[in-house]
Amino acid sequence: MNWNKIKEQYPKALKEFMLWDFEDNETDFEEWVDTAWWLINKRNIRDLYDFFDEQGIYISIRYDNRWENPDSTDSEVINYWDWDIDDSLNNLGSSQVEEPTRTEAEEKAFEKAFEILESKVA
């Protein structure tokens, strides 16, 4: 996950995530951000599912396959990962590219989710 890109392009959404993750009521939040930025780079990316669920942004990662050339008898099967993002009523985004790994699909989906949240945060 490219956290520096998230920090630069979606600062309000990142702040929401950091507030969600911030547990120490004794420490000033801004001070915590300055001293603990390196921690976010070590985060378990799976925590982002919980965070975005609580924001009403639901991420689905799918494994699928297709024939490379369905009209050919010697066509290979292409395996890939893709993603969708929904709220309770609408599709908010979908993968435009078939990703070769789950990790790559998740990173693209989380980046899109940060973009969506950035537009929602006042």
# chains A, B, ... in the order shown; residues from 1 in each chain; ligands from 1
call {"tool": "residues_around", "arguments": {"residues": "stretch 62-68 of chain A", "least_positions_apart": "5", "cutoff": "10 Å", "atoms": "only C-alpha atoms", "output": "VMD selection string"}}
result
chain A and resid 74 to 84 98 to 102 105 to 106
call {"tool": "atom_distance", "arguments": {"atom1": "atom CA of A:Val121", "atom2": "atom CA of A:Ala13"}}
result
6.8 Å
call {"tool": "atom_distance", "arguments": {"atom1": "atom CA of A:Phe51", "atom2": "atom CA of A:Asp21"}}
result
8.6 Å
call {"tool": "atom_distance", "arguments": {"atom1": "atom CA of A:Ile57", "atom2": "atom CA of A:Glu8"}}
result
20.9 Å
call {"tool": "residues_around", "arguments": {"residues": "A:Gly93", "least_positions_apart": "6", "cutoff": "8 Å", "atoms": "only C-alpha atoms", "output": "CSV table (one decimal) with C-alpha atoms, in the first residue's frame"}}
result
chain,number,residue,atom,x,y,z
A,84,ASP,CA,-16.2,-3.5,-6.4
A,85,ILE,CA,-17.0,-0.8,-4.0
A,86,ASP,CA,-20.6,-0.2,-2.9
A,112,LYS,CA,-10.4,4.1,-4.6
call {"tool": "residues_around", "arguments": {"residues": "A:Lys120", "least_positions_apart": "3", "cutoff": "12 Å", "atoms": "only C-alpha atoms", "output": "PyMOL selection string"}}
result
chain A and resi 10+12-13+16+55-57+113-117
call {"tool": "select_by_dssp", "arguments": {"residues": "stretch 73-116 of chain A", "states": "helix (DSSP H, G or I)", "output": "PyMOL selection string"}}
result
chain A and resi 102-116
call {"tool": "write_last_selection", "arguments": {"atoms": "C-alpha atoms", "output": "PDB file, in the first residue's frame"}}
result
ATOM      1  CA  ARG A 102      -5.384 -10.434  -4.525  1.00  0.00           C
ATOM      2  CA  THR A 103      -2.931  -7.976  -2.953  1.00  0.00           C
ATOM      3  CA  GLU A 104      -2.869  -5.786  -6.054  1.00  0.00           C
ATOM      4  CA  ALA A 105      -6.669  -5.833  -6.294  1.00  0.00           C
ATOM      5  CA  GLU A 106      -6.978  -4.908  -2.609  1.00  0.00           C
ATOM      6  CA  GLU A 107      -4.532  -2.029  -2.904  1.00  0.00           C
ATOM      7  CA  LYS A 108      -6.399  -0.573  -5.899  1.00  0.00           C
ATOM      8  CA  ALA A 109      -9.742  -0.989  -4.112  1.00  0.00           C
ATOM      9  CA  PHE A 110      -8.475   0.649  -0.913  1.00  0.00           C
ATOM     10  CA  GLU A 111      -7.022   3.552  -2.859  1.00  0.00           C
ATOM     11  CA  LYS A 112     -10.404   4.061  -4.574  1.00  0.00           C
ATOM     12  CA  ALA A 113     -12.139   3.805  -1.192  1.00  0.00           C
ATOM     13  CA  PHE A 114      -9.876   6.565   0.189  1.00  0.00           C
ATOM     14  CA  GLU A 115     -10.779   8.689  -2.853  1.00  0.00           C
ATOM     15  CA  ILE A 116     -14.505   8.109  -2.199  1.00  0.00           C
TER      16      ILE A 116
END
call {"tool": "closest_residue", "arguments": {"among": "A:Ser95, A:Asn44, A:Ser119, A:Ser88", "to": "A:Leu14", "atoms": "only C-alpha atoms"}}
result
A:Ser119
